[in-house]
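Trainee: Next comes work-v4.txt, compact mmCIF, C-alpha atoms:
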```
# COMPACT_ATOMS: atom_id res chain seq x y z
CA MET S 1 23.07 -24.22 -54.12
CA THR S 2 22.13 -21.34 -56.37
CA ALA S 3 18.56 -22.59 -56.66
CA ARG S 4 18.24 -22.86 -52.90
CA SER S 5 19.68 -19.39 -52.45
CA THR S 6 17.26 -17.89 -55.00
CA THR S 7 14.26 -19.60 -53.42
CA ARG S 8 15.29 -18.48 -49.96
CA THR S 9 15.70 -14.86 -51.08
CA ALA S 10 12.28 -14.85 -52.69
CA SER S 11 10.74 -16.26 -49.51
CA ARG S 12 12.29 -13.50 -47.41
CA GLY S 13 11.08 -10.91 -49.88
CA GLY S 14 7.54 -12.25 -49.56
CA ASP S 15 7.73 -12.00 -45.75
CA ALA S 16 8.99 -8.45 -46.09
CA GLU S 17 6.04 -7.57 -48.29
CA ARG S 18 3.59 -9.04 -45.81
CA GLY S 19 5.32 -7.54 -42.78
CA PRO S 20 4.68 -3.81 -43.40
CA ALA S 21 0.93 -4.35 -43.94
CA GLY S 22 0.59 -6.21 -40.64
CA GLY S 23 2.93 -3.70 -39.03
CA ARG S 24 0.86 -0.73 -40.14
CA THR S 25 -2.30 -2.30 -38.70
CA GLY S 26 -0.56 -3.06 -35.44
CA GLN S 27 0.86 0.46 -35.24
CA ARG S 28 -2.56 1.97 -35.81
CA LEU S 29 -4.05 -0.19 -33.07
CA SER S 30 -1.22 0.61 -30.67
CA SER S 31 -1.60 4.33 -31.36
CA LEU S 32 -5.33 4.05 -30.78
CA ALA S 33 -4.73 2.21 -27.50
CA VAL S 34 -2.30 4.93 -26.32
CA ALA S 35 -4.70 7.73 -27.31
CA LEU S 36 -7.65 6.05 -25.59
CA GLY S 37 -5.50 5.28 -22.56
CA LEU S 38 -4.43 8.91 -22.26
CA ALA S 39 -8.04 10.05 -22.48
CA LEU S 40 -9.14 7.63 -19.75
CA PHE S 41 -6.13 8.30 -17.53
CA LEU S 42 -6.32 12.09 -17.73
CA GLY S 43 -10.12 12.03 -17.62
CA GLY S 44 -10.07 9.94 -14.45
CA PHE S 45 -7.63 12.30 -12.77
CA ALA S 46 -9.55 15.39 -13.88
CA TRP S 47 -12.82 13.91 -12.61
CA GLY S 48 -11.20 13.00 -9.31
CA ALA S 49 -9.74 16.50 -8.90
CA LEU S 50 -13.14 18.06 -9.50
CA VAL S 51 -15.04 15.77 -7.14
CA TYR S 52 -12.56 15.07 -4.31
CA LEU S 53 -10.47 16.98 -1.80
CA PRO S 54 -7.47 15.45 0.01
CA TYR S 55 -7.10 15.88 3.77
CA SER S 56 -4.63 14.74 6.39
CA VAL S 57 -6.19 13.87 9.76
CA PRO S 58 -3.90 15.07 12.57
CA THR S 59 -5.66 13.56 15.62
CA PRO S 60 -6.82 10.07 16.70
CA SER S 61 -10.40 11.22 17.41
CA MET S 62 -11.77 9.09 14.56
CA GLU S 63 -9.91 5.88 15.35
CA PRO S 64 -10.15 3.08 14.42
CA THR S 65 -11.95 4.31 11.28
CA ILE S 66 -9.30 6.96 10.55
CA GLY S 67 -6.00 7.06 12.41
CA ALA S 68 -3.83 10.02 13.30
CA GLY S 69 -1.77 11.00 10.26
CA ASP S 70 -4.00 9.13 7.80
CA ARG S 71 -4.77 10.78 4.48
CA VAL S 72 -8.31 10.70 3.18
CA LEU S 73 -10.22 11.65 0.07
CA ALA S 74 -13.44 13.56 0.73
CA GLN S 75 -16.13 14.17 -1.85
CA ARG S 76 -17.22 17.78 -2.27
CA VAL S 77 -20.86 17.90 -1.14
CA ASP S 78 -23.45 20.46 -0.23
CA GLY S 79 -24.23 20.53 3.48
CA GLY S 80 -27.88 19.93 2.67
CA ASP S 81 -27.01 16.48 1.28
CA VAL S 82 -25.38 15.22 4.49
CA ARG S 83 -27.10 12.29 6.22
CA ARG S 84 -26.74 10.39 9.47
CA GLY S 85 -23.62 8.24 9.62
CA ASP S 86 -21.60 10.36 7.20
CA VAL S 87 -18.01 11.20 8.12
CA VAL S 88 -17.63 14.84 7.15
CA VAL S 89 -15.02 17.57 6.98
CA PHE S 90 -16.26 20.90 8.32
CA GLU S 91 -14.96 24.24 9.54
CA ASP S 92 -16.39 25.97 12.60
CA ASP S 93 -14.52 28.76 14.38
CA THR S 94 -15.98 27.78 17.75
CA TRP S 95 -14.36 24.34 17.43
CA ALA S 96 -11.02 25.04 15.75
CA ASP S 97 -9.38 27.22 13.12
CA VAL S 98 -8.65 24.21 10.93
CA PRO S 99 -10.85 21.65 9.13
CA VAL S 100 -12.29 19.04 11.52
CA VAL S 101 -13.32 15.45 10.71
CA LYS S 102 -16.22 13.88 12.67
CA ARG S 103 -19.20 11.56 12.14
CA VAL S 104 -22.71 12.94 11.82
CA VAL S 105 -24.95 11.04 14.24
CA ALA S 106 -28.04 13.27 14.21
CA VAL S 107 -29.56 15.94 11.98
CA GLY S 108 -32.01 18.79 12.48
CA GLY S 109 -35.14 17.70 14.35
CA ASP S 110 -33.53 14.55 15.83
CA THR S 111 -33.10 13.79 19.51
CA VAL S 112 -29.76 12.23 20.46
CA SER S 113 -28.20 10.92 23.66
CA THR S 114 -25.87 8.26 25.03
CA GLY S 115 -26.72 5.98 27.93
CA ARG S 116 -24.59 5.02 30.91
CA ASP S 117 -23.04 2.23 28.86
CA GLY S 118 -22.23 4.65 26.04
CA THR S 119 -24.89 3.29 23.68
CA LEU S 120 -25.95 5.91 21.14
CA LYS S 121 -29.67 6.61 20.81
CA VAL S 122 -31.20 8.70 18.03
CA ASN S 123 -34.94 9.38 18.13
CA GLY S 124 -35.20 6.70 20.79
CA THR S 125 -33.57 4.02 18.61
CA GLU S 126 -30.34 2.35 19.73
CA ILE S 127 -27.76 2.63 16.94
CA ASP S 128 -25.44 -0.27 16.18
CA GLU S 129 -21.96 1.17 15.63
CA PRO S 130 -19.61 -1.59 14.38
CA TYR S 131 -17.01 1.02 13.38
CA LEU S 132 -16.18 1.69 17.06
CA SER S 133 -13.29 -0.13 18.67
CA GLU S 134 -14.08 -2.83 21.22
CA GLY S 135 -15.21 -1.04 24.34
CA GLY S 136 -15.18 2.23 22.41
CA ALA S 137 -18.75 3.14 23.40
CA SER S 138 -17.61 4.27 26.82
CA GLY S 139 -20.18 5.66 29.20
CA LEU S 140 -17.65 8.11 30.62
CA ASN S 141 -18.77 10.73 28.09
CA ALA S 142 -22.49 10.00 28.37
CA PHE S 143 -24.73 13.02 27.79
CA PRO S 144 -28.45 13.67 28.26
CA GLU S 145 -30.92 13.92 25.41
CA VAL S 146 -30.33 16.83 23.03
CA THR S 147 -32.71 18.10 20.37
CA VAL S 148 -30.81 19.13 17.23
CA PRO S 149 -32.00 22.49 15.83
CA LYS S 150 -33.17 22.62 12.22
CA GLY S 151 -30.38 23.10 9.70
CA ARG S 152 -27.72 21.82 12.10
CA LEU S 153 -25.79 18.59 12.75
CA PHE S 154 -24.68 16.73 15.86
CA LEU S 155 -21.26 15.13 15.40
CA LEU S 156 -19.19 12.63 17.39
CA GLY S 157 -15.74 11.13 16.95
CA ASP S 158 -15.44 7.36 16.63
CA GLU S 159 -12.90 7.40 19.46
CA ARG S 160 -15.51 8.46 22.00
CA SER S 161 -13.36 8.61 25.12
CA GLY S 162 -10.95 11.22 23.74
CA SER S 163 -12.80 13.07 21.01
CA LEU S 164 -13.60 16.76 21.33
CA ASP S 165 -16.94 16.72 19.55
CA SER S 166 -20.52 17.91 20.00
CA SER S 167 -20.71 16.16 23.38
CA SER S 168 -17.86 18.41 24.55
CA HIS S 169 -19.57 21.57 23.28
CA LEU S 170 -23.03 21.09 24.81
CA THR S 171 -22.80 24.42 26.63
CA ASP S 172 -22.02 26.27 23.41
CA THR S 173 -24.61 27.95 21.24
CA ALA S 174 -27.09 25.47 19.71
CA ASN S 175 -26.05 22.66 22.09
CA GLY S 176 -22.73 21.98 20.38
CA THR S 177 -24.24 21.42 16.96
CA VAL S 178 -22.71 22.62 13.69
CA SER S 179 -24.46 24.33 10.79
CA ARG S 180 -24.91 22.26 7.64
CA GLU S 181 -23.30 25.16 5.78
CA ALA S 182 -20.03 24.48 7.64
CA VAL S 183 -19.61 21.12 5.87
CA ARG S 184 -17.03 21.12 3.09
CA ALA S 185 -16.85 17.46 2.10
CA ARG S 186 -17.81 13.89 2.96
CA VAL S 187 -15.00 11.36 3.50
CA ASP S 188 -15.17 8.44 1.07
CA ALA S 189 -11.91 6.58 1.62
CA VAL S 190 -8.62 6.36 3.49
CA VAL S 191 -5.92 6.43 0.82
CA TRP S 192 -2.82 6.36 3.03
CA PRO S 193 -2.43 3.82 4.40
CA VAL S 194 -4.48 2.18 1.68
CA ASP S 195 -7.54 1.11 3.70
CA GLY S 196 -10.01 1.79 0.91
CA MET S 197 -13.62 2.94 1.08
CA LEU S 198 -15.23 3.57 4.46
CA GLU S 199 -17.78 0.98 5.52
CA ALA S 200 -21.42 1.96 5.24
CA PRO S 201 -22.88 3.06 8.62
CA THR S 202 -25.70 0.51 8.40
CA GLY S 203 -26.81 1.08 11.99
CA PHE S 204 -28.51 4.32 10.91
CA GLU S 205 -30.67 2.66 8.23
CA GLU S 206 -33.45 2.07 10.75
CA ILE S 207 -34.12 5.79 11.05
CA GLY S 208 -33.39 7.01 7.52
CA ALA S 209 -31.68 6.47 4.20
CA LEU S 210 -27.88 6.52 4.00
CA SER S 211 -25.74 8.56 1.61
CA ALA S 212 -24.69 6.78 -1.57
CA PRO S 213 -20.94 6.14 -1.95
CA GLY S 214 -19.05 8.56 -4.17
CA PRO S 215 -17.62 7.73 -7.62
CA LEU S 216 -14.10 6.98 -6.35
CA PRO S 217 -14.05 3.31 -7.51
CA THR S 218 -15.03 4.41 -11.02
CA VAL S 219 -12.42 7.18 -11.01
CA VAL S 220 -9.70 4.71 -9.97
CA ALA S 221 -10.85 2.15 -12.56
CA LEU S 222 -10.65 4.76 -15.33
CA ALA S 223 -7.14 5.83 -14.33
CA LEU S 224 -5.87 2.25 -14.01
CA GLY S 225 -7.52 1.15 -17.26
CA GLY S 226 -5.96 4.12 -19.04
CA ALA S 227 -2.53 3.30 -17.62
CA VAL S 228 -2.81 -0.31 -18.84
CA LEU S 229 -3.75 0.82 -22.36
CA ILE S 230 -0.90 3.35 -22.47
CA LEU S 231 1.68 0.79 -21.37
CA GLY S 232 0.30 -1.90 -23.68
CA GLY S 233 0.23 0.41 -26.70
CA ALA S 234 3.70 1.77 -26.00
CA ALA S 235 5.10 -1.74 -25.62
CA TYR S 236 3.82 -2.88 -29.03
CA GLY S 237 6.74 -1.49 -31.07
CA PRO S 238 9.55 -2.93 -28.90
CA LEU S 239 7.79 -6.31 -28.70
CA VAL S 240 7.38 -6.48 -32.48
CA GLN S 241 11.06 -5.61 -32.95
CA LEU S 242 12.10 -8.34 -30.52
CA ALA S 243 9.85 -10.87 -32.26
CA GLY S 244 11.22 -9.86 -35.68
CA ALA S 245 14.81 -10.13 -34.51
CA SER S 246 14.08 -13.57 -33.07
CA ARG S 247 12.55 -14.77 -36.35
CA ALA S 248 15.50 -13.38 -38.31
CA ARG S 249 17.97 -15.25 -36.11
CA ARG S 250 16.06 -18.51 -36.56
CA ALA S 251 15.92 -17.95 -40.33
CA ASP S 252 19.65 -17.31 -40.51
CA VAL S 253 20.39 -20.42 -38.49
CA GLY S 254 18.16 -22.48 -40.86
CA ALA S 255 19.82 -20.92 -43.89
CA ARG S 256 23.31 -21.74 -42.68
CA ALA S 257 22.21 -25.29 -41.89
CA GLY S 258 20.78 -25.65 -45.45
CA ASP S 259 23.94 -24.24 -47.05
CA ALA S 260 26.06 -26.68 -45.07
CA ARG S 261 24.09 -29.55 -46.59
```
Please go through the file and, once you have read it, give me the structure as structure tokens.

Mentor:
Amino acid sequence: MTARSTTRTASRGGDAERGPAGGRTGQRLSSLAVALGLALFLGGFAWGALVYLPYSVPTPSMEPTIGAGDRVLAQRVDGGDVRRGDVVVFEDDTWADVPVVKRVVAVGGDTVSTGRDGTLKVNGTEIDEPYLSEGGASGLNAFPEVTVPKGRLFLLGDERSGSLDSSSHLTDTANGTVSREAVRARVDAVVWPVDGMLEAPTGFEEIGALSAPGPLPTVVALALGGAVLILGGAAYGPLVQLAGASRARRADVGARAGDAR
């Protein structure tokens, strides 16, 4: 019995000697994971805060793309970078005293109109608009051809029958268009409810290049990846303790069984 006890004690001592070395390596790796995770997580949030602005859309004029009460993230952009098909946030005192969200359908130098069936034409080309609701291209708000002045934008809501947009301001200065300088941001995604990135307005590709999507997917990936590393690194210590306690219990049960023999 004494021999078994001495051998068993030596074996435990050997495990104890090996344990701290492995433990130190694991602790270093877990600390590194937490530090890297914090850098990615905070970096992602900082990047997002610099690039994006949050907005709440109070009206249904952009349905079904953006519903009333939806919250969106809009990328800060210069008005000169706006292209056809972009959904933008702008401020124009002749429209409202609050930020307005509409879709750019024509830019300076373009001609734009809608036919009796509501079909949008830009520079004589019919534009496919899959983002409209079924029957959304109503001819009730049809308007004659308008030439957009240089440096200005013609904007429509996706809910054509009830949107107060450029077609409702045709008698205003510059035929209801808005200066590019009035644009504050370009909407990238609906974040509440979580509908994700807006679909590309591919119908405008026939008459010009589209805007590239913003970096939101990368920003989200950085933040989520950082969160995973933080949680994984922080969980290392408790998991090692649980594993050690489990091994100790099994060893004690084996020892008692050996002593009984």

Trainee: Go through S:Val77, S:Val146, S:Val87, S:Ala35 and flag the residue nearest Ala189 of chain S, using only C-alpha atoms for the distances.

Mentor: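 Among the listed residues, the smallest separation from Ala189 of chain S belongs to S:Val87.
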
Trainee: How far is it from atom CA of Gly23 of chain S to atom CA of Tyr236 of chain S, in Å with one decimal?

Mentor: 10.1 Å

Trainee: Grab the atom CA of Ser168 of chain S to atom CA of Pro144 of chain S distance for me, in Å with one decimal place.

Mentor: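 Here the two named atoms are 12.2 Å from each other.
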
Trainee: Give as a PyMOL selection string the set of residues within 9 Å of the point (-29.2, 11.3, 3.3), where distances use the file's coordinates and only C-alpha atoms.

Mentor: chain S and resi 80-86+208-212

Trainee: Rounded to one decimal place, report the atom CA of Leu132 of chain S-atom CA of Asp195 of chain S distance in Å.

Mentor: 15.9 Å

Trainee: Might you pull out every residue within 9 Å of Gln27 of chain S, with all atoms listed in the file counted and same-chain residues fewer than 4 positions away left off, and present them as a PyMOL selection string?

Mentor: chain S and resi 22-23+31-32+233+236-237

Trainee: Would you mind listing what lies within 6 Å of Gly44 of chain S as number ranges by chain, with all atoms listed in the file counted and same-chain residues fewer than 3 positions away left out?

Mentor: S: 40-41, 47, 219, 222-223

Trainee: Specify the axis-aligned box that encloses all atoms of segment 124-133 of chain S listed in the file after padding of 5 Å on each side, stating its centre and edge lengths in Å to one decimal as AutoDock Vina command-line options.

Mentor:
```
--center_x -24.2 --center_y 2.6 --center_z 17.1 --size_x 31.9 --size_y 18.3 --size_z 17.4
```

Trainee: Restricting the calculation to all atoms listed in the file, which member of S:Asp92, S:Glu145, S:Asp70, S:Glu63 is positioned closest to Leu170 of chain S?

Mentor: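 Smallest distance to Leu170 of chain S is found for S:Glu145.
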
Trainee: Each residue of segment 55-135 of chain S with at least one atom at most 8 Å from segment 151-160 of chain S should appear once, together with its nearest atom pair and the corresponding distance in Å (one decimal); atoms considered: all atoms listed in the file; ordering: chain, then increasing residue number; output as a tab-separated table.

Mentor:
```
residue	atom	partner	partner_atom	distance
S:Pro60	CA	S:Glu159	CA	7.2
S:Ser61	CA	S:Glu159	CA	5.0
S:Met62	CA	S:Asp158	CA	4.6
S:Glu63	CA	S:Glu159	CA	5.3
S:Pro64	CA	S:Asp158	CA	7.2
S:Thr65	CA	S:Asp158	CA	7.1
S:Val101	CA	S:Gly157	CA	8.0
S:Lys102	CA	S:Gly157	CA	5.1
S:Arg103	CA	S:Leu155	CA	5.3
S:Val104	CA	S:Leu155	CA	4.4
S:Val105	CA	S:Leu155	CA	5.6
S:Ala106	CA	S:Phe154	CA	5.1
S:Val107	CA	S:Leu153	CA	4.7
S:Gly108	CA	S:Arg152	CA	5.3
S:Tyr131	CA	S:Asp158	CA	7.3
S:Leu132	CA	S:Asp158	CA	5.7
S:Ser133	CA	S:Glu159	CA	7.6
```

Trainee: Please provide the set of residues having any atom within 10 Å of Pro193 of chain S, restricted to all atoms listed in the file, with same-chain residues fewer than 2 positions apart removed, written as a PyMOL selection string.

Mentor: chain S and resi 66-67+69-72+190-191+195-196

Trainee: May I have the protein, DNA and RNA residues with an atom at most 6 Å from (-3.0, 3.9, -22.3), counting only C-alpha atoms in the file's coordinates, returned as a PyMOL selection string?

Mentor: chain S and resi 33-34+37-38+226-231

Trainee: I'd like the contact shell of segment 125-129 of chain S - 8 Å cut-off, all atoms listed in the file, skipping same-chain residues fewer than 3 positions apart - returned as a list of chain:residue names.

Mentor: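 In the requested form, the answer reads S:Thr119, S:Leu120, S:Lys121, S:Val122, S:Leu132, S:Pro201, S:Thr202, S:Gly203, S:Phe204, S:Ile207.
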
Trainee: So which one's closest to Pro217 of chain S, S:Arg28, S:Pro130, S:Phe143, S:Gly48? Using only C-alpha atoms, please.

Mentor: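 Smallest separation from Pro217 of chain S among the options: S:Gly48.
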